[in-house]
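A.B. asks: My file is upload02.tsv. It has TSV, C-alpha atoms:
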```tsv
chain	number	residue	atom	x	y	z
A	490	MET	CA	-15.80	-16.50	16.94
A	491	ASP	CA	-19.23	-15.80	15.41
A	492	LYS	CA	-19.65	-17.48	12.04
A	493	GLY	CA	-19.24	-14.75	9.44
A	494	ARG	CA	-17.88	-12.11	11.82
A	495	VAL	CA	-14.40	-11.03	10.75
A	496	THR	CA	-12.09	-9.02	12.99
A	497	TYR	CA	-9.02	-7.14	11.86
A	498	CYS	CA	-6.10	-5.44	13.47
A	499	THR	CA	-3.81	-2.84	11.88
A	500	ASP	CA	-0.58	-1.14	12.96
A	501	LEU	CA	-1.05	1.35	10.15
A	502	GLU	CA	-3.91	3.77	10.78
A	503	LYS	CA	-4.26	4.61	7.10
A	504	SER	CA	-7.71	5.33	5.68
A	505	VAL	CA	-6.99	3.23	2.54
A	506	ILE	CA	-6.71	0.21	4.85
A	507	ILE	CA	-9.44	0.98	7.38
A	508	SER	CA	-12.05	2.08	4.81
A	509	ASN	CA	-11.40	-1.12	2.81
A	510	PHE	CA	-11.93	-3.34	5.85
A	511	GLU	CA	-14.95	-1.43	7.10
A	512	ARG	CA	-16.59	-1.66	3.68
A	513	ARG	CA	-16.41	-5.44	4.10
A	514	GLY	CA	-18.14	-5.18	7.48
A	515	TRP	CA	-15.01	-6.23	9.36
A	516	ILE	CA	-14.60	-5.11	12.98
A	517	GLN	CA	-11.41	-3.49	14.28
A	518	VAL	CA	-9.79	-5.02	17.37
A	519	GLY	CA	-6.43	-4.64	19.13
A	520	PRO	CA	-3.38	-6.90	18.59
A	521	ASP	CA	-4.04	-8.67	21.91
A	522	ASP	CA	-7.66	-9.45	21.00
A	523	GLU	CA	-8.83	-12.24	18.75
A	524	TRP	CA	-8.13	-11.07	15.21
A	525	ASN	CA	-8.57	-12.82	11.85
A	526	PHE	CA	-6.61	-10.44	9.63
A	527	TYR	CA	-3.58	-8.46	10.79
A	528	TRP	CA	-2.05	-5.67	8.67
A	529	SER	CA	1.13	-5.34	10.69
A	530	PHE	CA	4.47	-3.58	10.70
A	531	THR	CA	7.32	-5.94	9.78
A	532	GLN	CA	8.80	-5.82	13.30
A	533	ASN	CA	5.50	-6.76	14.97
A	534	CYS	CA	5.09	-9.64	12.54
A	535	ARG	CA	8.59	-10.88	13.41
A	536	ASN	CA	7.70	-10.66	17.12
A	537	ILE	CA	4.57	-12.77	16.57
A	538	PHE	CA	6.67	-15.48	14.90
A	539	SER	CA	9.55	-15.32	17.37
A	540	ILE	CA	10.08	-18.50	19.38
A	541	GLU	CA	10.20	-16.53	22.66
A	542	ASN	CA	6.70	-15.20	22.01
A	543	GLY	CA	5.19	-18.68	21.77
A	544	TYR	CA	2.16	-17.31	19.90
A	545	ARG	CA	0.41	-19.90	17.77
A	546	MET	CA	-1.85	-18.74	14.98
A	547	SER	CA	-5.17	-20.45	14.46
A	548	ASP	CA	-6.53	-21.53	11.07
A	549	ASN	CA	-8.67	-18.39	10.86
A	550	GLN	CA	-5.78	-15.95	11.13
A	551	ILE	CA	-3.67	-14.44	8.33
A	552	ILE	CA	-0.99	-11.75	8.40
A	553	ASN	CA	0.60	-9.53	5.74
A	554	HIS	CA	4.30	-10.46	6.05
A	555	PHE	CA	6.40	-13.61	5.90
A	556	PRO	CA	8.54	-14.04	9.05
A	557	ASN	CA	11.87	-13.56	7.23
A	558	HIS	CA	10.78	-11.25	4.39
A	559	TYR	CA	14.17	-9.52	4.81
A	560	GLU	CA	15.76	-12.28	2.67
A	561	LEU	CA	14.19	-10.36	-0.22
A	562	SER	CA	13.94	-6.82	1.13
A	563	ARG	CA	17.37	-6.34	2.74
A	564	LYS	CA	19.73	-5.19	0.02
A	565	ASP	CA	22.67	-7.38	1.09
A	566	LEU	CA	20.57	-10.55	1.53
A	567	LEU	CA	18.80	-10.09	-1.80
A	568	VAL	CA	22.20	-9.91	-3.54
A	569	LYS	CA	23.48	-12.94	-1.62
A	570	ASN	CA	20.37	-14.99	-2.50
A	571	ILE	CA	20.49	-14.10	-6.20
A	572	LYS	CA	24.21	-14.99	-6.36
A	573	ARG	CA	23.50	-18.32	-4.65
A	574	TYR	CA	20.59	-19.04	-7.02
A	575	ARG	CA	22.83	-18.49	-10.06
A	576	LYS	CA	25.55	-20.75	-8.63
A	577	GLU	CA	23.04	-23.54	-7.90
A	578	LEU	CA	21.65	-23.36	-11.44
A	579	GLU	CA	25.23	-23.47	-12.75
A	580	ARG	CA	25.99	-26.58	-10.70
A	581	GLU	CA	22.87	-28.25	-12.09
A	582	GLY	CA	23.99	-27.35	-15.62
A	583	ASN	CA	20.72	-25.41	-16.09
A	584	PRO	CA	20.69	-23.40	-19.35
A	585	LEU	CA	19.40	-20.40	-17.35
A	586	SER	CA	22.92	-20.00	-15.92
A	587	GLU	CA	24.53	-19.57	-19.35
A	588	LYS	CA	27.16	-16.81	-19.48
A	589	THR	CA	28.30	-14.48	-22.23
A	590	GLU	CA	31.00	-11.89	-22.84
A	591	ILE	CA	29.97	-8.25	-23.10
A	592	MET	CA	31.97	-5.12	-23.86
A	593	LEU	CA	31.99	-2.32	-21.30
A	594	PRO	CA	31.91	1.27	-22.64
A	595	ASN	CA	35.66	1.50	-21.99
A	596	GLY	CA	36.25	-1.40	-24.41
A	597	GLN	CA	36.92	-3.97	-21.71
A	598	ALA	CA	35.36	-7.47	-22.07
A	599	VAL	CA	33.59	-8.91	-19.02
A	600	THR	CA	31.60	-12.10	-18.43
A	601	ARG	CA	27.95	-11.74	-17.47
A	602	TYR	CA	24.96	-14.06	-17.07
A	603	LEU	CA	22.90	-14.13	-20.24
A	604	HIS	CA	19.49	-14.64	-18.58
A	605	LEU	CA	20.07	-13.70	-14.94
A	606	ASP	CA	21.95	-10.42	-15.28
A	607	PHE	CA	19.23	-8.27	-13.72
A	608	ILE	CA	21.01	-6.75	-10.73
A	609	PRO	CA	23.92	-4.35	-11.22
A	610	VAL	CA	27.34	-5.69	-10.12
A	611	THR	CA	27.09	-5.39	-6.33
A	612	TYR	CA	29.29	-6.03	-3.29
A	613	VAL	CA	28.56	-6.00	0.42
A	614	LEU	CA	30.87	-3.78	2.47
A	615	PRO	CA	32.94	-4.27	4.49
A	616	ALA	CA	32.92	-8.05	3.76
A	617	ASP	CA	33.57	-7.84	-0.01
A	618	TYR	CA	35.83	-4.79	0.07
A	619	ASN	CA	38.83	-6.49	-1.59
A	620	MET	CA	36.66	-7.93	-4.38
A	621	PHE	CA	35.10	-4.51	-4.93
A	622	VAL	CA	38.52	-2.84	-5.26
A	623	GLU	CA	39.55	-5.47	-7.82
A	624	GLU	CA	36.38	-4.80	-9.86
A	625	TYR	CA	36.71	-1.02	-9.47
A	626	ARG	CA	40.26	-1.07	-10.87
A	627	LYS	CA	39.04	-2.77	-14.06
A	628	SER	CA	37.14	0.42	-14.97
A	629	PRO	CA	38.24	3.29	-12.72
A	630	GLN	CA	36.08	5.81	-14.63
A	631	SER	CA	32.89	4.17	-13.38
A	632	THR	CA	30.47	5.54	-10.79
A	633	TRP	CA	29.22	3.44	-7.88
A	634	ILE	CA	26.29	3.94	-5.52
A	635	MET	CA	26.52	3.19	-1.79
A	636	LYS	CA	23.43	2.24	0.24
A	637	PRO	CA	23.05	1.18	3.87
A	638	CYS	CA	21.50	-2.32	3.93
A	639	GLY	CA	18.73	-1.76	6.40
A	640	LYS	CA	17.49	1.74	5.51
A	641	SER	CA	14.83	2.92	3.08
A	642	GLN	CA	13.45	6.06	1.43
A	643	GLY	CA	16.84	7.16	0.13
A	644	ALA	CA	18.44	7.50	3.59
A	645	GLY	CA	22.24	7.36	3.73
A	646	ILE	CA	22.76	6.91	-0.03
A	647	PHE	CA	25.63	8.54	-1.90
A	648	LEU	CA	27.57	8.20	-5.16
A	649	ILE	CA	31.31	7.74	-5.52
A	650	ASN	CA	33.61	7.82	-8.54
A	651	LYS	CA	36.97	7.64	-6.74
A	652	LEU	CA	38.33	5.11	-4.27
A	653	SER	CA	39.69	8.00	-2.21
A	654	LYS	CA	36.11	9.25	-1.67
A	655	LEU	CA	35.15	5.86	-0.23
A	656	LYS	CA	38.17	5.85	2.10
A	657	LYS	CA	37.39	9.41	3.22
A	658	TRP	CA	33.80	8.39	3.97
A	659	SER	CA	35.08	5.37	5.92
A	660	ARG	CA	37.24	7.60	8.13
A	661	GLU	CA	34.54	10.22	8.71
A	662	ALA	CA	31.74	7.71	9.34
A	663	LYS	CA	34.06	5.64	11.53
A	664	THR	CA	33.00	2.60	9.51
A	665	PRO	CA	36.01	0.36	8.94
A	666	LEU	CA	36.28	-1.05	5.43
A	667	HIS	CA	38.50	-3.88	6.56
A	668	PRO	CA	36.69	-7.18	5.82
A	669	GLN	CA	37.98	-8.75	9.06
A	670	ILE	CA	36.55	-5.99	11.27
A	671	SER	CA	32.85	-6.42	11.84
A	672	SER	CA	30.98	-3.18	11.31
A	673	LYS	CA	27.75	-2.19	13.05
A	674	GLU	CA	26.17	-1.52	9.70
A	675	SER	CA	26.80	-3.15	6.37
A	676	TYR	CA	26.45	-1.36	3.05
A	677	VAL	CA	25.98	-2.48	-0.51
A	678	ILE	CA	27.96	-0.80	-3.24
A	679	SER	CA	26.61	-1.27	-6.77
A	680	ARG	CA	27.72	-0.16	-10.18
A	681	TYR	CA	25.61	2.91	-10.85
A	682	ILE	CA	23.33	2.65	-13.90
A	683	ASP	CA	24.72	5.79	-15.55
A	684	ASN	CA	22.89	5.36	-18.87
A	685	PRO	CA	19.28	5.44	-17.60
A	686	LEU	CA	16.39	5.84	-20.01
A	687	LEU	CA	15.28	9.47	-19.67
A	688	ILE	CA	11.88	11.01	-20.32
A	689	GLY	CA	11.93	14.79	-20.74
A	690	GLY	CA	15.60	14.67	-19.80
A	691	LYS	CA	14.79	13.28	-16.35
A	692	LYS	CA	15.68	10.03	-14.67
A	693	PHE	CA	12.89	7.83	-13.28
A	694	ASP	CA	12.32	4.40	-11.83
A	695	LEU	CA	9.34	2.05	-11.84
A	696	ARG	CA	7.42	0.96	-8.77
A	697	LEU	CA	5.60	-2.33	-9.33
A	698	TYR	CA	3.46	-4.13	-6.75
A	699	VAL	CA	3.92	-7.89	-6.45
A	700	LEU	CA	1.72	-10.03	-4.21
A	701	VAL	CA	3.11	-13.36	-3.00
A	702	THR	CA	0.71	-15.77	-1.29
A	703	SER	CA	3.13	-18.73	-1.12
A	704	PHE	CA	6.83	-19.34	-1.79
A	705	ARG	CA	6.66	-23.16	-1.97
A	706	PRO	CA	4.88	-23.63	-4.35
A	707	LEU	CA	5.58	-20.12	-5.62
A	708	LYS	CA	2.39	-18.12	-6.21
A	709	ALA	CA	2.91	-14.51	-7.29
A	710	TYR	CA	0.72	-11.83	-8.85
A	711	LEU	CA	1.54	-8.49	-10.47
A	712	PHE	CA	-0.71	-5.47	-9.94
A	713	GLN	CA	-1.55	-3.75	-13.23
A	714	HIS	CA	-1.24	-0.22	-11.85
A	715	GLY	CA	2.41	0.49	-11.21
A	716	PHE	CA	3.94	3.89	-11.88
A	717	CYS	CA	7.12	5.76	-12.78
A	718	ARG	CA	8.67	8.13	-10.21
A	719	PHE	CA	10.64	11.01	-11.67
A	720	CYS	CA	13.51	13.12	-10.44
A	721	THR	CA	12.59	16.81	-10.36
A	722	VAL	CA	15.91	17.95	-11.85
A	723	LYS	CA	17.23	17.02	-15.31
A	724	TYR	CA	19.74	14.20	-15.38
A	725	ASP	CA	23.39	15.24	-15.46
A	726	THR	CA	26.34	12.88	-15.15
A	727	SER	CA	28.89	15.62	-14.56
A	728	VAL	CA	31.05	15.25	-11.46
A	729	THR	CA	29.70	18.52	-10.06
A	730	GLU	CA	26.22	16.96	-9.82
A	731	LEU	CA	27.38	13.71	-8.20
A	732	ASP	CA	26.13	14.84	-4.77
A	733	ASN	CA	22.82	16.29	-6.03
A	734	MET	CA	20.26	13.68	-5.01
A	735	TYR	CA	17.44	15.50	-6.87
A	736	VAL	CA	19.27	14.40	-10.05
A	737	HIS	CA	19.95	10.77	-9.05
A	738	LEU	CA	17.38	9.47	-6.52
A	739	THR	CA	13.74	9.01	-7.54
A	740	ASN	CA	12.36	8.38	-4.02
A	741	VAL	CA	9.32	10.60	-3.41
A	742	SER	CA	10.59	11.02	0.18
A	743	VAL	CA	13.66	12.75	-1.32
A	744	GLN	CA	12.06	14.55	-4.29
A	745	LYS	CA	9.16	16.17	-2.40
A	746	HIS	CA	11.67	18.47	-0.66
A	747	GLY	CA	12.91	19.79	-4.02
A	748	GLY	CA	11.83	23.21	-5.28
A	749	ASP	CA	10.52	21.72	-8.55
A	750	TYR	CA	8.29	19.05	-6.98
A	751	ASN	CA	4.76	19.04	-8.45
A	752	ASN	CA	2.03	18.33	-5.88
A	753	LEU	CA	-0.57	17.67	-8.56
A	754	HIS	CA	1.02	14.60	-10.13
A	755	GLY	CA	3.70	14.00	-7.48
A	756	GLY	CA	6.36	13.40	-10.13
A	757	LYS	CA	4.55	10.21	-11.19
A	758	MET	CA	3.36	8.71	-14.46
A	759	SER	CA	1.12	5.63	-14.68
A	760	ILE	CA	2.60	2.45	-16.11
A	761	GLN	CA	-0.12	2.51	-18.80
A	762	ASN	CA	1.01	5.97	-20.00
A	763	PHE	CA	4.63	4.86	-19.82
A	764	ARG	CA	3.82	1.88	-22.01
A	765	LEU	CA	2.05	4.09	-24.56
A	766	TYR	CA	4.99	6.53	-24.54
A	767	LEU	CA	7.45	3.69	-25.21
A	768	GLU	CA	5.32	2.13	-27.94
A	769	GLY	CA	5.15	5.54	-29.61
A	770	THR	CA	8.87	6.32	-29.34
A	771	ARG	CA	10.50	2.89	-29.54
A	772	GLY	CA	7.89	0.60	-31.08
A	773	ARG	CA	5.57	-2.11	-29.81
A	774	SER	CA	7.83	-5.18	-30.02
A	775	VAL	CA	10.70	-3.72	-27.94
A	776	THR	CA	8.15	-2.42	-25.42
A	777	GLU	CA	6.63	-5.89	-25.08
A	778	LYS	CA	10.08	-7.39	-24.66
A	779	LEU	CA	10.88	-4.89	-21.88
A	780	PHE	CA	7.68	-5.78	-19.98
A	781	ALA	CA	8.37	-9.51	-20.45
A	782	ASP	CA	11.93	-8.95	-19.14
A	783	MET	CA	10.55	-7.17	-16.06
A	784	HIS	CA	8.20	-10.06	-15.32
A	785	TRP	CA	11.11	-12.48	-15.80
A	786	LEU	CA	13.25	-10.47	-13.36
A	787	ILE	CA	10.52	-10.49	-10.70
A	788	VAL	CA	9.85	-14.24	-11.01
A	789	HIS	CA	13.54	-15.17	-10.78
A	790	SER	CA	14.22	-12.85	-7.84
A	791	LEU	CA	11.37	-14.66	-6.03
A	792	LYS	CA	12.70	-18.07	-7.07
A	793	ALA	CA	16.10	-17.02	-5.70
A	794	VAL	CA	14.69	-16.43	-2.19
A	795	ALA	CA	12.01	-19.16	-2.18
A	796	PRO	CA	14.27	-21.89	-0.67
A	797	VAL	CA	15.18	-19.74	2.35
A	798	MET	CA	11.78	-18.15	3.01
A	799	ALA	CA	9.82	-19.38	6.02
A	800	ASN	CA	6.77	-20.36	3.98
A	801	ASP	CA	4.11	-20.06	6.67
A	802	ARG	CA	0.59	-20.72	5.36
A	803	HIS	CA	-0.82	-17.84	7.46
A	804	CYS	CA	1.26	-15.31	5.50
A	805	PHE	CA	1.05	-13.28	2.35
A	806	GLU	CA	3.06	-10.21	1.37
A	807	CYS	CA	2.85	-7.33	-1.07
A	808	TYR	CA	6.30	-6.18	-2.21
A	809	GLY	CA	7.20	-2.88	-3.84
A	810	TYR	CA	9.67	-3.64	-6.65
A	811	ASP	CA	11.86	-0.75	-7.76
A	812	ILE	CA	13.24	-1.16	-11.27
A	813	ILE	CA	15.43	1.14	-13.38
A	814	ILE	CA	15.47	0.88	-17.16
A	815	ASP	CA	18.58	1.79	-19.10
A	816	LYS	CA	18.84	3.35	-22.57
A	817	THR	CA	19.01	-0.08	-24.19
A	818	LEU	CA	15.63	-0.89	-22.54
A	819	LYS	CA	17.20	-3.38	-20.16
A	820	PRO	CA	15.50	-3.47	-16.73
A	821	TRP	CA	17.61	-3.57	-13.55
A	822	LEU	CA	16.30	-4.55	-10.13
A	823	VAL	CA	17.28	-1.82	-7.68
A	824	GLU	CA	15.54	-3.09	-4.55
A	825	VAL	CA	12.44	-4.70	-3.08
A	826	ASN	CA	10.40	-3.15	-0.26
A	827	ALA	CA	8.43	-5.29	2.18
A	828	SER	CA	6.37	-2.30	3.34
A	829	PRO	CA	5.72	-0.21	0.23
A	830	SER	CA	4.33	3.19	1.19
A	831	LEU	CA	0.56	3.47	1.44
A	832	GLN	CA	0.85	7.25	1.84
A	833	SER	CA	-1.21	8.96	-0.86
A	834	THR	CA	0.62	11.96	-2.34
A	835	THR	CA	-2.04	12.68	-4.99
A	836	HIS	CA	-5.70	11.92	-5.77
A	837	ASN	CA	-4.69	9.24	-8.32
A	838	ASP	CA	-2.32	7.75	-5.76
A	839	ARG	CA	-5.16	7.35	-3.30
A	840	ILE	CA	-7.38	5.60	-5.87
A	841	LEU	CA	-4.51	3.26	-6.82
A	842	LYS	CA	-3.66	2.34	-3.22
A	843	TYR	CA	-7.29	1.80	-2.22
A	844	LYS	CA	-7.70	-0.57	-5.17
A	845	LEU	CA	-4.40	-2.31	-4.35
A	846	ILE	CA	-5.54	-3.11	-0.77
A	847	ASP	CA	-9.01	-4.15	-1.96
A	848	ASN	CA	-7.57	-6.53	-4.58
A	849	ILE	CA	-4.98	-7.95	-2.15
A	850	VAL	CA	-7.75	-8.89	0.30
A	851	SER	CA	-9.82	-10.45	-2.53
A	852	VAL	CA	-6.87	-12.63	-3.57
A	853	VAL	CA	-5.75	-13.78	-0.10
A	854	VAL	CA	-9.14	-14.38	1.53
A	855	PRO	CA	-11.16	-17.47	0.43
A	856	PRO	CA	-14.38	-16.99	-1.57
A	857	ASP	CA	-16.58	-17.08	1.57
A	858	GLY	CA	-14.83	-13.94	2.83
A	859	ILE	CA	-13.52	-15.56	6.04
A	860	PRO	CA	-9.69	-15.64	6.43
A	861	ASP	CA	-8.55	-19.27	6.44
A	862	ALA	CA	-4.96	-20.51	6.28
A	863	ARG	CA	-6.08	-23.95	5.05
A	864	TRP	CA	-7.56	-22.98	1.69
A	865	ASN	CA	-5.72	-23.82	-1.54
A	866	LYS	CA	-4.91	-20.19	-2.45
A	867	ILE	CA	-6.19	-20.50	-5.99
A	868	PRO	CA	-8.29	-17.34	-6.45
A	869	SER	CA	-10.99	-17.09	-9.11
A	870	ASN	CA	-10.61	-14.79	-12.10
A	871	GLU	CA	-13.04	-12.38	-10.45
A	872	ALA	CA	-11.09	-12.35	-7.19
A	873	LEU	CA	-7.86	-11.43	-9.04
A	874	GLY	CA	-9.28	-7.99	-9.81
A	875	ASP	CA	-6.40	-6.00	-11.32
A	876	PHE	CA	-3.76	-8.60	-10.44
A	877	ASP	CA	-2.26	-10.79	-13.17
A	878	VAL	CA	-0.82	-14.21	-12.44
A	879	LEU	CA	2.97	-13.97	-12.72
A	880	ILE	CA	3.57	-17.57	-11.67
A	881	ASP	CA	1.65	-20.32	-9.92
A	882	GLU	CA	3.82	-23.40	-9.58
A	883	GLU	CA	0.92	-25.45	-8.25
A	884	LEU	CA	-1.12	-24.82	-11.40
A	885	ILE	CA	1.92	-25.51	-13.56
A	886	GLU	CA	2.46	-28.85	-11.80
A	887	LYS	CA	-1.18	-29.78	-12.17
A	888	ASP	CA	-0.79	-28.59	-15.75
A	889	GLU	CA	-4.06	-26.70	-15.53
A	890	ALA	CA	-3.05	-24.78	-18.62
A	891	PRO	CA	-3.54	-22.16	-19.74
A	892	LEU	CA	-2.67	-19.95	-16.78
A	893	ARG	CA	-5.57	-17.69	-15.93
A	894	GLY	CA	-5.30	-13.97	-15.66
A	895	ASN	CA	-3.04	-13.34	-18.59
A	896	LYS	CA	-0.40	-14.35	-21.07
A	897	PHE	CA	2.29	-15.43	-18.64
A	898	ASN	CA	2.77	-19.05	-19.76
A	899	ARG	CA	6.21	-18.02	-21.01
A	900	TYR	CA	7.42	-17.46	-17.41
A	901	ARG	CA	7.21	-21.15	-16.62
A	902	SER	CA	10.90	-21.91	-16.99
```
Starting from the file, give its structure as structure tokens.

C.D. replies:
Amino acid sequence: MDKGRVTYCTDLEKSVIISNFERRGWIQVGPDDEWNFYWSFTQNCRNIFSIENGYRMSDNQIINHFPNHYELSRKDLLVKNIKRYRKELEREGNPLSEKTEIMLPNGQAVTRYLHLDFIPVTYVLPADYNMFVEEYRKSPQSTWIMKPCGKSQGAGIFLINKLSKLKKWSREAKTPLHPQISSKESYVISRYIDNPLLIGGKKFDLRLYVLVTSFRPLKAYLFQHGFCRFCTVKYDTSVTELDNMYVHLTNVSVQKHGGDYNNLHGGKMSIQNFRLYLEGTRGRSVTEKLFADMHWLIVHSLKAVAPVMANDRHCFECYGYDIIIDKTLKPWLVEVNASPSLQSTTHNDRILKYKLIDNIVSVVVPPDGIPDARWNKIPSNEALGDFDVLIDEELIEKDEAPLRGNKFNRYRS
């Protein structure tokens, strides 16, 4: 390879990617050619790392997924890893695993984790069916949300508020709910957050971009330009609206088909405007606590999967975190996407995504601009661009305090 000549390959022919790489003077090649930087689909990345393939990456090659990213991005595995993480901390007697009693709206007392209660109560079906029924019977008025584990963009999701509805679905979908019968497809069923924070009467969620360059030691960065995604129809908990996904699901892929979808802003609000709105309506201190809680949630979800991630030095990954905030300003992790959409629905969207790609490349490529899997992955302040350091365990160990980029020393626990 010519010194200074960088080649790239992409499975995603998106102008936000190609224009970024071309601006750097990089040259596009095919996946079978000699590439330095590969922006790949998750499946192609898995193929590259598969033992059958026998492909060995050289030091001058990096790729945008970890081989088993699904430990974080598959809904059932994320839940399993977080539950295991809590149990391990409990066994160690770590204060993070402290539990407390809380009162449900129906007056029933339940035990929850004090610091690690950031995913709604969730079960994997059919495996956990009996445990789910036991939990459901404790508060039969509650609503639950069913999601297929391997799908995205709102596909196959529905709400239930009666056990009979779940059994009817099982019959019609020919998906046995018996834990002993293996089903082709597993689902997660989670307690529905039915007291979401509303703005203008509408439900929304937050999309945050998190870049991970290493899992051991954990190195993660948060992009400053996340956004809220709104439902187009006002929120309504009445049973008649239980099947109306324009009320309950914030996915743009769902909402853009609604009659009230706005092409100008795409049903989105920047995280900066959201922060200002909250400071104005709820006050600065509770707003700061909410943002600190969201950073905490991200760091501990990453710590939960770090032990099982194949931490290949050629890999980095940008995850799309979807978070819902309830009326008490408590954030809940809904899911994590390993291939967040780079589709631009609006002008602002395009600017944001171009900057996201540009900043990702600046963080993951060494200062000389040549991809190299051997470098220490400690980017300069300049290279961080609009990323803030969420956690860098290597810097913490070296005790190179204070952490650069921002005020995240408090996430060291």

A.B. asks: Using all atoms listed in the file and a cutoff of 9 Å, can you tell me which residues are near (11.6, -8.7, -1.9) in the file's coordinates, and write them out as a list in words?

C.D. replies: His558, Tyr559, Glu560, Leu561, Ser562, Arg563, Leu567, Val699, Ser790, Leu791, Val794, Cys807, Tyr808, Gly809, Tyr810, Glu824, Val825, Asn826 and Ala827 of chain A

A.B. asks: Using all atoms listed in the file, which of A:Trp524, A:Phe780, A:Tyr710, A:Phe719 sits nearest Val852 of chain A?

C.D. replies: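 That would be A:Tyr710, the residue with the smallest distance to Val852 of chain A.
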
A.B. asks: Nearest to Thr499 of chain A among A:Asp782, A:Arg512, A:Asn533, A:Thr721, with distances taken over only C-alpha atoms: which residue is it?

C.D. replies: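 Closest residue, counting only C-alpha atoms: A:Asn533.
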
A.B. asks: Determine, for each residue of segment 494-599 of chain A having at least one atom at most 12 Å from an atom of segment 609-627 of chain A, the closest pair of atoms and their separation in Å to one decimal, counting all atoms listed in the file; order by chain and ascending number, as a Markdown table.

C.D. replies:
```
| residue | atom | partner | partner_atom | distance |
| --- | --- | --- | --- | --- |
| A:Arg563 | CA | A:Val613 | CA | 11.4 |
| A:Lys564 | CA | A:Val613 | CA | 8.9 |
| A:Asp565 | CA | A:Val613 | CA | 6.1 |
| A:Leu566 | CA | A:Val613 | CA | 9.3 |
| A:Leu567 | CA | A:Thr611 | CA | 10.6 |
| A:Val568 | CA | A:Thr611 | CA | 7.2 |
| A:Lys569 | CA | A:Val613 | CA | 8.8 |
| A:Ile571 | CA | A:Thr611 | CA | 10.9 |
| A:Lys572 | CA | A:Thr611 | CA | 10.0 |
| A:Leu593 | CA | A:Lys627 | CA | 10.1 |
| A:Pro594 | CA | A:Lys627 | CA | 11.9 |
| A:Asn595 | CA | A:Lys627 | CA | 9.6 |
| A:Gly596 | CA | A:Lys627 | CA | 10.8 |
| A:Gln597 | CA | A:Lys627 | CA | 8.0 |
| A:Ala598 | CA | A:Lys627 | CA | 10.0 |
| A:Val599 | CA | A:Lys627 | CA | 9.6 |
```

A.B. asks: Residues of the last selection are to be written out with C-alpha atoms, as a PDB file, in the frame of the given file.

C.D. replies:
```pdb
ATOM      1  CA  ARG A 563      17.370  -6.340   2.740  1.00  0.00           C
ATOM      2  CA  LYS A 564      19.730  -5.190   0.020  1.00  0.00           C
ATOM      3  CA  ASP A 565      22.670  -7.380   1.090  1.00  0.00           C
ATOM      4  CA  LEU A 566      20.570 -10.550   1.530  1.00  0.00           C
ATOM      5  CA  LEU A 567      18.800 -10.090  -1.800  1.00  0.00           C
ATOM      6  CA  VAL A 568      22.200  -9.910  -3.540  1.00  0.00           C
ATOM      7  CA  LYS A 569      23.480 -12.940  -1.620  1.00  0.00           C
ATOM      8  CA  ILE A 571      20.490 -14.100  -6.200  1.00  0.00           C
ATOM      9  CA  LYS A 572      24.210 -14.990  -6.360  1.00  0.00           C
ATOM     10  CA  LEU A 593      31.990  -2.320 -21.300  1.00  0.00           C
ATOM     11  CA  PRO A 594      31.910   1.270 -22.640  1.00  0.00           C
ATOM     12  CA  ASN A 595      35.660   1.500 -21.990  1.00  0.00           C
ATOM     13  CA  GLY A 596      36.250  -1.400 -24.410  1.00  0.00           C
ATOM     14  CA  GLN A 597      36.920  -3.970 -21.710  1.00  0.00           C
ATOM     15  CA  ALA A 598      35.360  -7.470 -22.070  1.00  0.00           C
ATOM     16  CA  VAL A 599      33.590  -8.910 -19.020  1.00  0.00           C
TER      17      VAL A 599
END
```

A.B. asks: So, counting all atoms listed in the file, which residue among A:Gly645, A:Leu605, A:Val854, A:Ile885 is closest to Glu674 of chain A?

C.D. replies: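 Smallest separation from Glu674 of chain A among the options: A:Gly645.
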
A.B. asks: Just give me the gap between atom CA of Phe876 of chain A and atom CA of Leu767 of chain A in Å, one decimal is fine.

C.D. replies: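 Calculated distance between atom CA of Phe876 of chain A and atom CA of Leu767 of chain A is 22.2 Å.
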
A.B. asks: If you measure from atom CA of Leu879 of chain A to atom CA of His554 of chain A, what distance in Å do you get, rounded to one decimal?

C.D. replies: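 Taking atom CA of Leu879 of chain A as the start and atom CA of His554 of chain A as the end point, the length is 19.1 Å.
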
A.B. asks: With distances taken over only C-alpha atoms, which residue among A:Thr817, A:Ser774, A:Ser851, A:Ser653 lies nearest Leu686 of chain A?

C.D. replies: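 Nearest candidate to Leu686 of chain A out of A:Thr817, A:Ser774, A:Ser851, A:Ser653: A:Thr817.
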
A.B. asks: So, counting only C-alpha atoms, which residue among A:Pro685, A:Ile634, A:Gln713, A:Leu578 is closest to Leu700 of chain A?

C.D. replies: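 Checking each candidate against Leu700 of chain A, we get A:Gln713 as the closest.
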
A.B. asks: Within 9 Å of (10.3, -18.0, 3.6), all atoms listed in the file: residues as a PyMOL selection string?

C.D. replies: chain A and resi 555-558+560+703-705+794-801

A.B. asks: Do you know which residues are at most 12 Å from Leu779 of chain A counting only C-alpha atoms, after dropping those on the same chain fewer than 2 positions away, and could you put them as number ranges by chain?

C.D. replies: A: 763-764, 767-768, 771-777, 781-786, 812-821

A.B. asks: Determine the nearest neighbour of Tyr843 of chain A from the options A:Phe510, A:Phe647, A:Tyr497, A:Tyr574, counting only C-alpha atoms.

C.D. replies: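 Result for the nearest residue to Tyr843 of chain A: A:Phe510.
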
A.B. asks: Provide the atom CA of Phe712 of chain A to atom CA of Val853 of chain A distance in Å, to one decimal place.

C.D. replies: 13.8 Å
